[in-house]
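S.K.: First, the structure itself, so that you have it in front of you.
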Amino acid sequence: MSFRALVTHKEADGKVASRIAELDEAELPEGNVLVGIDWAGFNYKDGLALSGIGGLVREYPHIGGVDFAGRVIESTDGRYHPGQAVVLTGWRVGEWHWGGFATRARVEADWLVPLPKEISTRSAMVLGTAGLTAMLAVNRLKSEGIKPGDGDILVTGAGGGVGSMAVLLLARLGYKVHAMTGRADLADDLKALGATEVVGREVLAPTGKKLLATRWIGAVDSVGGAPLGEMLKQIHTGGCVAAVGLAAGDTWDASVIPFILRGVTLAGIDSVMQPFEARMAAWDRLATLFGFSVYERMVREVGLEDLTAASKDILAGKVRGRVIVSPKG
């Protein structure tokens, strides 16, 4: 049986290029579950992989796509049966293992999660890695004792997938959310998701100071870099920052002062290697908490042929909300 895929090659000059091709199922990598893919997500990592940046891909030719949802075709693992709806995020799929930019994928059963019956395969990719990460970040703030009445929550990179979903989830839980974005044109969209205030990047401009007046009890940070350092200086005593990304870089001019004088917690969120139980709990919570109809304004559908251009947009910070991919064309 043949299947359709966007295949990324490394050319003789060392650059990468991607072309749509028909492949045979026998070419798929090893795994104990064969999935027919309905939808894939498009993430920052996908933009890096399709652009040949960051060394994410180890071997070529390669099929990217770090998350996908579809239905089981064949399985030698008793946990999954033909026709069952499943979702995959993480586990280096789309990086070290062929991923979701195809109509077929063969993967390990341990990497899959059965979809809650309330979530369609399309809705699963509206959420995707971004939704899972946002939910894990919100759960971490709650586990650190941050309650809705404690103060305002800052969400950085609020125009992107993780950020916009964190805004929606926090708002639906009753938190007052300050959504930070460099794109003023997204203000109405972010307020529609539940943001009480939309702020610009200048709120985290470099100051050179060790500590600043407190402003937020917690934050979901998807940008990292210098803005994260400035944010930590403005977190209330006992507050928590859930760090999920590094769009602004992976280093900052750090100080221990916010940690030892205000007891601030910096919590890292790893959505790639989360154990099955944590993933299942997050998906179950998303099924009842997430507002799909509210978020639809932030969703764009594309085909495989659109992904090369989309990779340039996402790396330039021009993608709004979530891009989902129909591999069938």
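Labels for the structure tokens follow display order: chains A, B, ..., residues from 1 in each chain, ligands from 1.
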Need the shell around Leu169 in chain A: protein/DNA/RNA residues with any atom at most 9 Å away, counting only C-alpha atoms. Skip same-chain ones fewer than 6 positions apart. Format as a compact mmCIF listing (two decimals) with C-alpha atoms, in the first residue's frame?

M.R.:
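Listing of result_11.txt after writing:
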```txt
# COMPACT_ATOMS: atom_id res chain seq x y z
CA ALA A 134 -0.22 24.54 27.96
CA MET A 135 -2.27 22.14 30.07
CA VAL A 138 -1.36 25.31 34.00
CA TYR A 175 -7.46 33.40 36.55
CA LEU A 193 -9.89 34.00 24.53
CA GLY A 194 -10.24 35.51 27.99
CA LEU A 286 -8.55 19.25 27.91
CA LEU A 289 -12.03 22.36 29.83
CA PHE A 290 -10.89 23.61 26.44
CA GLY A 291 -13.24 25.84 24.47
```

S.K.: What parts of range 71-174 of chain A does DSSP call helix (DSSP H, G or I)? I'd like the answer as a ChimeraX atom specification.

M.R.: /A:109-111,121-143,148-150,161-172

S.K.: Would you mind listing what lies within 6 Å of range 221-238 of chain A as a PDB file with all heavy atoms, in the first residue's frame, with only C-alpha atoms counted and same-chain residues fewer than 6 positions away left out?

M.R.:
```pdb
ATOM      1  N   VAL A 155       1.199  35.599  30.553  1.00  0.00           N
ATOM      2  CA  VAL A 155       1.483  34.601  29.517  1.00  0.00           C
ATOM      3  C   VAL A 155       2.268  35.297  28.426  1.00  0.00           C
ATOM      4  O   VAL A 155       1.780  36.239  27.796  1.00  0.00           O
ATOM      5  CB  VAL A 155       0.198  33.989  28.934  1.00  0.00           C
ATOM      6  CG1 VAL A 155       0.536  33.032  27.787  1.00  0.00           C
ATOM      7  CG2 VAL A 155      -0.585  33.255  30.015  1.00  0.00           C
ATOM      8  N   THR A 156       3.514  34.853  28.194  1.00  0.00           N
ATOM      9  CA  THR A 156       4.332  35.441  27.136  1.00  0.00           C
ATOM     10  C   THR A 156       4.157  34.663  25.844  1.00  0.00           C
ATOM     11  O   THR A 156       3.733  33.504  25.846  1.00  0.00           O
ATOM     12  CB  THR A 156       5.816  35.462  27.532  1.00  0.00           C
ATOM     13  OG1 THR A 156       6.299  34.109  27.633  1.00  0.00           O
ATOM     14  CG2 THR A 156       6.026  36.186  28.845  1.00  0.00           C
ATOM     15  N   GLY A 157       4.475  35.312  24.721  1.00  0.00           N
ATOM     16  CA  GLY A 157       4.264  34.665  23.426  1.00  0.00           C
ATOM     17  C   GLY A 157       2.816  34.288  23.232  1.00  0.00           C
ATOM     18  O   GLY A 157       2.483  33.238  22.673  1.00  0.00           O
ATOM     19  N   LEU A 204       8.772  43.662  29.649  1.00  0.00           N
ATOM     20  CA  LEU A 204       9.922  42.843  30.043  1.00  0.00           C
ATOM     21  C   LEU A 204      11.204  43.355  29.394  1.00  0.00           C
ATOM     22  O   LEU A 204      12.145  42.595  29.157  1.00  0.00           O
ATOM     23  CB  LEU A 204       9.687  41.373  29.677  1.00  0.00           C
ATOM     24  CG  LEU A 204       8.500  40.695  30.376  1.00  0.00           C
ATOM     25  CD1 LEU A 204       8.385  39.238  29.937  1.00  0.00           C
ATOM     26  CD2 LEU A 204       8.632  40.783  31.891  1.00  0.00           C
ATOM     27  N   LEU A 211      16.134  43.290  41.065  1.00  0.00           N
ATOM     28  CA  LEU A 211      14.774  43.055  41.536  1.00  0.00           C
ATOM     29  C   LEU A 211      13.920  44.256  41.172  1.00  0.00           C
ATOM     30  O   LEU A 211      14.398  45.387  41.158  1.00  0.00           O
ATOM     31  CB  LEU A 211      14.774  42.851  43.056  1.00  0.00           C
ATOM     32  CG  LEU A 211      13.721  41.934  43.674  1.00  0.00           C
ATOM     33  CD1 LEU A 211      13.826  40.528  43.106  1.00  0.00           C
ATOM     34  CD2 LEU A 211      13.879  41.905  45.193  1.00  0.00           C
ATOM     35  N   LEU A 212      12.649  44.002  40.868  1.00  0.00           N
ATOM     36  CA  LEU A 212      11.717  45.061  40.497  1.00  0.00           C
ATOM     37  C   LEU A 212      10.443  44.931  41.327  1.00  0.00           C
ATOM     38  O   LEU A 212      10.220  43.918  42.004  1.00  0.00           O
ATOM     39  CB  LEU A 212      11.378  44.970  39.010  1.00  0.00           C
ATOM     40  CG  LEU A 212      12.536  45.193  38.030  1.00  0.00           C
ATOM     41  CD1 LEU A 212      12.127  44.765  36.631  1.00  0.00           C
ATOM     42  CD2 LEU A 212      12.973  46.651  38.036  1.00  0.00           C
ATOM     43  N   ALA A 213       9.597  45.939  41.271  1.00  0.00           N
ATOM     44  CA  ALA A 213       8.307  45.866  41.953  1.00  0.00           C
ATOM     45  C   ALA A 213       7.515  44.676  41.419  1.00  0.00           C
ATOM     46  O   ALA A 213       7.534  44.377  40.228  1.00  0.00           O
ATOM     47  CB  ALA A 213       7.527  47.156  41.733  1.00  0.00           C
ATOM     48  N   THR A 214       6.822  43.988  42.310  1.00  0.00           N
ATOM     49  CA  THR A 214       6.086  42.790  41.897  1.00  0.00           C
ATOM     50  C   THR A 214       4.849  43.154  41.087  1.00  0.00           C
ATOM     51  O   THR A 214       4.214  44.189  41.310  1.00  0.00           O
ATOM     52  CB  THR A 214       5.660  41.963  43.119  1.00  0.00           C
ATOM     53  OG1 THR A 214       4.890  42.779  43.996  1.00  0.00           O
ATOM     54  CG2 THR A 214       6.888  41.435  43.847  1.00  0.00           C
ATOM     55  N   ARG A 215       4.524  42.263  40.142  1.00  0.00           N
ATOM     56  CA  ARG A 215       3.401  42.522  39.247  1.00  0.00           C
ATOM     57  C   ARG A 215       2.512  41.291  39.033  1.00  0.00           C
ATOM     58  O   ARG A 215       1.308  41.414  38.869  1.00  0.00           O
ATOM     59  CB  ARG A 215       3.926  43.030  37.911  1.00  0.00           C
ATOM     60  CG  ARG A 215       2.851  43.457  36.944  1.00  0.00           C
ATOM     61  CD  ARG A 215       3.406  44.273  35.807  1.00  0.00           C
ATOM     62  NE  ARG A 215       2.365  44.691  34.878  1.00  0.00           N
ATOM     63  CZ  ARG A 215       2.561  45.476  33.818  1.00  0.00           C
ATOM     64  NH1 ARG A 215       3.780  45.931  33.565  1.00  0.00           N
ATOM     65  NH2 ARG A 215       1.559  45.805  33.033  1.00  0.00           N
ATOM     66  N   VAL A 244       8.182  27.017  29.215  1.00  0.00           N
ATOM     67  CA  VAL A 244       7.860  26.012  28.207  1.00  0.00           C
ATOM     68  C   VAL A 244       8.591  26.204  26.877  1.00  0.00           C
ATOM     69  O   VAL A 244       8.500  25.341  26.000  1.00  0.00           O
ATOM     70  CB  VAL A 244       6.337  25.965  27.933  1.00  0.00           C
ATOM     71  CG1 VAL A 244       5.552  25.741  29.212  1.00  0.00           C
ATOM     72  CG2 VAL A 244       5.866  27.259  27.264  1.00  0.00           C
ATOM     73  N   GLY A 245       9.292  27.339  26.677  1.00  0.00           N
ATOM     74  CA  GLY A 245       9.873  27.577  25.362  1.00  0.00           C
ATOM     75  C   GLY A 245      11.055  28.519  25.393  1.00  0.00           C
ATOM     76  O   GLY A 245      11.445  29.029  26.456  1.00  0.00           O
ATOM     77  N   LEU A 246      11.635  28.750  24.206  1.00  0.00           N
ATOM     78  CA  LEU A 246      12.841  29.576  24.119  1.00  0.00           C
ATOM     79  C   LEU A 246      12.886  30.405  22.840  1.00  0.00           C
ATOM     80  O   LEU A 246      13.944  30.601  22.243  1.00  0.00           O
ATOM     81  CB  LEU A 246      14.098  28.707  24.233  1.00  0.00           C
ATOM     82  CG  LEU A 246      14.155  27.363  23.496  1.00  0.00           C
ATOM     83  CD1 LEU A 246      14.120  27.470  21.999  1.00  0.00           C
ATOM     84  CD2 LEU A 246      15.387  26.594  23.947  1.00  0.00           C
ATOM     85  N   ALA A 247      11.728  30.923  22.439  1.00  0.00           N
ATOM     86  CA  ALA A 247      11.664  31.703  21.202  1.00  0.00           C
ATOM     87  C   ALA A 247      12.594  32.907  21.229  1.00  0.00           C
ATOM     88  O   ALA A 247      13.091  33.354  20.190  1.00  0.00           O
ATOM     89  CB  ALA A 247      10.226  32.160  20.942  1.00  0.00           C
ATOM     90  N   ALA A 248      12.871  33.456  22.432  1.00  0.00           N
ATOM     91  CA  ALA A 248      13.754  34.613  22.553  1.00  0.00           C
ATOM     92  C   ALA A 248      15.178  34.223  22.962  1.00  0.00           C
ATOM     93  O   ALA A 248      16.005  35.086  23.214  1.00  0.00           O
ATOM     94  CB  ALA A 248      13.196  35.604  23.572  1.00  0.00           C
ATOM     95  N   GLY A 249      15.442  32.913  23.021  1.00  0.00           N
ATOM     96  CA  GLY A 249      16.781  32.453  23.368  1.00  0.00           C
ATOM     97  C   GLY A 249      16.774  31.512  24.549  1.00  0.00           C
ATOM     98  O   GLY A 249      15.771  31.365  25.262  1.00  0.00           O
ATOM     99  N   ASP A 250      17.931  30.849  24.783  1.00  0.00           N
ATOM    100  CA  ASP A 250      18.011  29.866  25.865  1.00  0.00           C
ATOM    101  C   ASP A 250      18.867  30.334  27.042  1.00  0.00           C
ATOM    102  O   ASP A 250      19.135  29.563  27.965  1.00  0.00           O
ATOM    103  CB  ASP A 250      18.540  28.524  25.338  1.00  0.00           C
ATOM    104  CG  ASP A 250      19.924  28.658  24.705  1.00  0.00           C
ATOM    105  OD1 ASP A 250      20.483  29.764  24.689  1.00  0.00           O
ATOM    106  OD2 ASP A 250      20.450  27.631  24.230  1.00  0.00           O
ATOM    107  N   THR A 251      19.303  31.585  27.030  1.00  0.00           N
ATOM    108  CA  THR A 251      20.091  32.104  28.146  1.00  0.00           C
ATOM    109  C   THR A 251      19.573  33.482  28.555  1.00  0.00           C
ATOM    110  O   THR A 251      18.911  34.166  27.774  1.00  0.00           O
ATOM    111  CB  THR A 251      21.583  32.242  27.764  1.00  0.00           C
ATOM    112  OG1 THR A 251      21.710  33.153  26.654  1.00  0.00           O
ATOM    113  CG2 THR A 251      22.174  30.891  27.370  1.00  0.00           C
ATOM    114  N   TRP A 252      19.869  33.865  29.803  1.00  0.00           N
ATOM    115  CA  TRP A 252      19.542  35.207  30.257  1.00  0.00           C
ATOM    116  C   TRP A 252      20.501  35.579  31.380  1.00  0.00           C
ATOM    117  O   TRP A 252      21.191  34.723  31.943  1.00  0.00           O
ATOM    118  CB  TRP A 252      18.091  35.304  30.719  1.00  0.00           C
ATOM    119  CG  TRP A 252      17.770  34.610  32.009  1.00  0.00           C
ATOM    120  CD1 TRP A 252      17.793  35.133  33.272  1.00  0.00           C
ATOM    121  CD2 TRP A 252      17.371  33.240  32.175  1.00  0.00           C
ATOM    122  NE1 TRP A 252      17.435  34.195  34.204  1.00  0.00           N
ATOM    123  CE2 TRP A 252      17.172  33.021  33.566  1.00  0.00           C
ATOM    124  CE3 TRP A 252      17.143  32.182  31.291  1.00  0.00           C
ATOM    125  CZ2 TRP A 252      16.774  31.785  34.075  1.00  0.00           C
ATOM    126  CZ3 TRP A 252      16.753  30.964  31.805  1.00  0.00           C
ATOM    127  CH2 TRP A 252      16.564  30.771  33.177  1.00  0.00           C
ATOM    128  N   ALA A 254      21.024  35.930  34.695  1.00  0.00           N
ATOM    129  CA  ALA A 254      20.265  35.442  35.835  1.00  0.00           C
ATOM    130  C   ALA A 254      20.794  35.980  37.159  1.00  0.00           C
ATOM    131  O   ALA A 254      21.953  36.361  37.289  1.00  0.00           O
ATOM    132  CB  ALA A 254      20.289  33.917  35.854  1.00  0.00           C
ATOM    133  N   PRO A 258      15.567  36.787  43.109  1.00  0.00           N
ATOM    134  CA  PRO A 258      14.131  36.486  43.187  1.00  0.00           C
ATOM    135  C   PRO A 258      13.830  35.172  43.908  1.00  0.00           C
ATOM    136  O   PRO A 258      12.771  35.023  44.520  1.00  0.00           O
ATOM    137  CB  PRO A 258      13.697  36.416  41.712  1.00  0.00           C
ATOM    138  CG  PRO A 258      14.733  37.203  40.976  1.00  0.00           C
ATOM    139  CD  PRO A 258      16.001  36.955  41.707  1.00  0.00           C
ATOM    140  N   ARG A 262      12.297  36.203  47.513  1.00  0.00           N
ATOM    141  CA  ARG A 262      10.848  36.113  47.324  1.00  0.00           C
ATOM    142  C   ARG A 262      10.341  34.675  47.198  1.00  0.00           C
ATOM    143  O   ARG A 262       9.134  34.452  47.066  1.00  0.00           O
ATOM    144  CB  ARG A 262      10.425  36.917  46.076  1.00  0.00           C
ATOM    145  CG  ARG A 262      10.561  38.428  46.264  1.00  0.00           C
ATOM    146  CD  ARG A 262      10.171  39.187  45.020  1.00  0.00           C
ATOM    147  NE  ARG A 262      10.226  40.633  45.244  1.00  0.00           N
ATOM    148  CZ  ARG A 262      10.233  41.540  44.269  1.00  0.00           C
ATOM    149  NH1 ARG A 262      10.178  41.158  42.992  1.00  0.00           N
ATOM    150  NH2 ARG A 262      10.290  42.828  44.560  1.00  0.00           N
ATOM    151  N   GLY A 263      11.229  33.710  47.223  1.00  0.00           N
ATOM    152  CA  GLY A 263      10.792  32.316  47.155  1.00  0.00           C
ATOM    153  C   GLY A 263      10.126  31.952  45.849  1.00  0.00           C
ATOM    154  O   GLY A 263       9.240  31.087  45.795  1.00  0.00           O
ATOM    155  N   VAL A 264      10.539  32.598  44.765  1.00  0.00           N
ATOM    156  CA  VAL A 264       9.961  32.326  43.450  1.00  0.00           C
ATOM    157  C   VAL A 264      10.410  30.947  42.956  1.00  0.00           C
ATOM    158  O   VAL A 264      11.559  30.541  43.161  1.00  0.00           O
ATOM    159  CB  VAL A 264      10.383  33.424  42.453  1.00  0.00           C
ATOM    160  CG1 VAL A 264       9.979  33.056  41.024  1.00  0.00           C
ATOM    161  CG2 VAL A 264       9.775  34.758  42.852  1.00  0.00           C
TER     162      VAL A 264
END
```

S.K.: Taking 2 positions as the minimum chain separation for residues in the same chain, which residues sit within 12 Å of His9 in chain A when counting only C-alpha atoms? Answer as a PyMOL selection string.

M.R.: chain A and resi 6-7+11-21+49-52+57-64

S.K.: Counting only C-alpha atoms, what is within 8 Å of Trp283 in chain A, bar same-chain residues fewer than 2 positions away, as a PyMOL selection string?

M.R.: chain A and resi 115-116+132+279-281+285-287

S.K.: Could you name the residues that touch Lys328 in chain A at 8 Å or less, counting only C-alpha atoms, but leaving out those on the same chain fewer than 6 positions away, as a short mmCIF file (atom, residue, chain, number, x, y, z; two decimals) with C-alpha atoms, in the first residue's frame?

M.R.:
```cif
data_model
loop_
_atom_site.label_atom_id
_atom_site.label_comp_id
_atom_site.auth_asym_id
_atom_site.auth_seq_id
_atom_site.Cartn_x
_atom_site.Cartn_y
_atom_site.Cartn_z
CA ARG A 4 1.45 10.33 0.51
CA ASP A 38 -6.22 12.42 9.57
CA ALA A 102 2.09 11.85 5.74
CA THR A 103 -1.06 9.80 5.44
CA GLY A 303 -1.91 21.06 3.13
#
```

S.K.: What's around Thr181 in chain A at 9 Å? Count only C-alpha atoms, leave out sequence neighbours fewer than 3 positions away in its own chain, and write the answer as a ChimeraX atom specification.

M.R.: /A:155-160,184,186-187,198-201

S.K.: Using DSSP secondary structure from the backbone, list all strand (DSSP E or B) positions within range 91-249 of chain A, as an MDAnalysis selection string.

M.R.: chainID A and resid 93 97 102 104:107 112:114 153:155 177:180 197:199 216:221 235:243

S.K.: CA of Glu301 in chain A and CA of Thr121 in chain A are how many Å apart?

M.R.: 13.6 Å
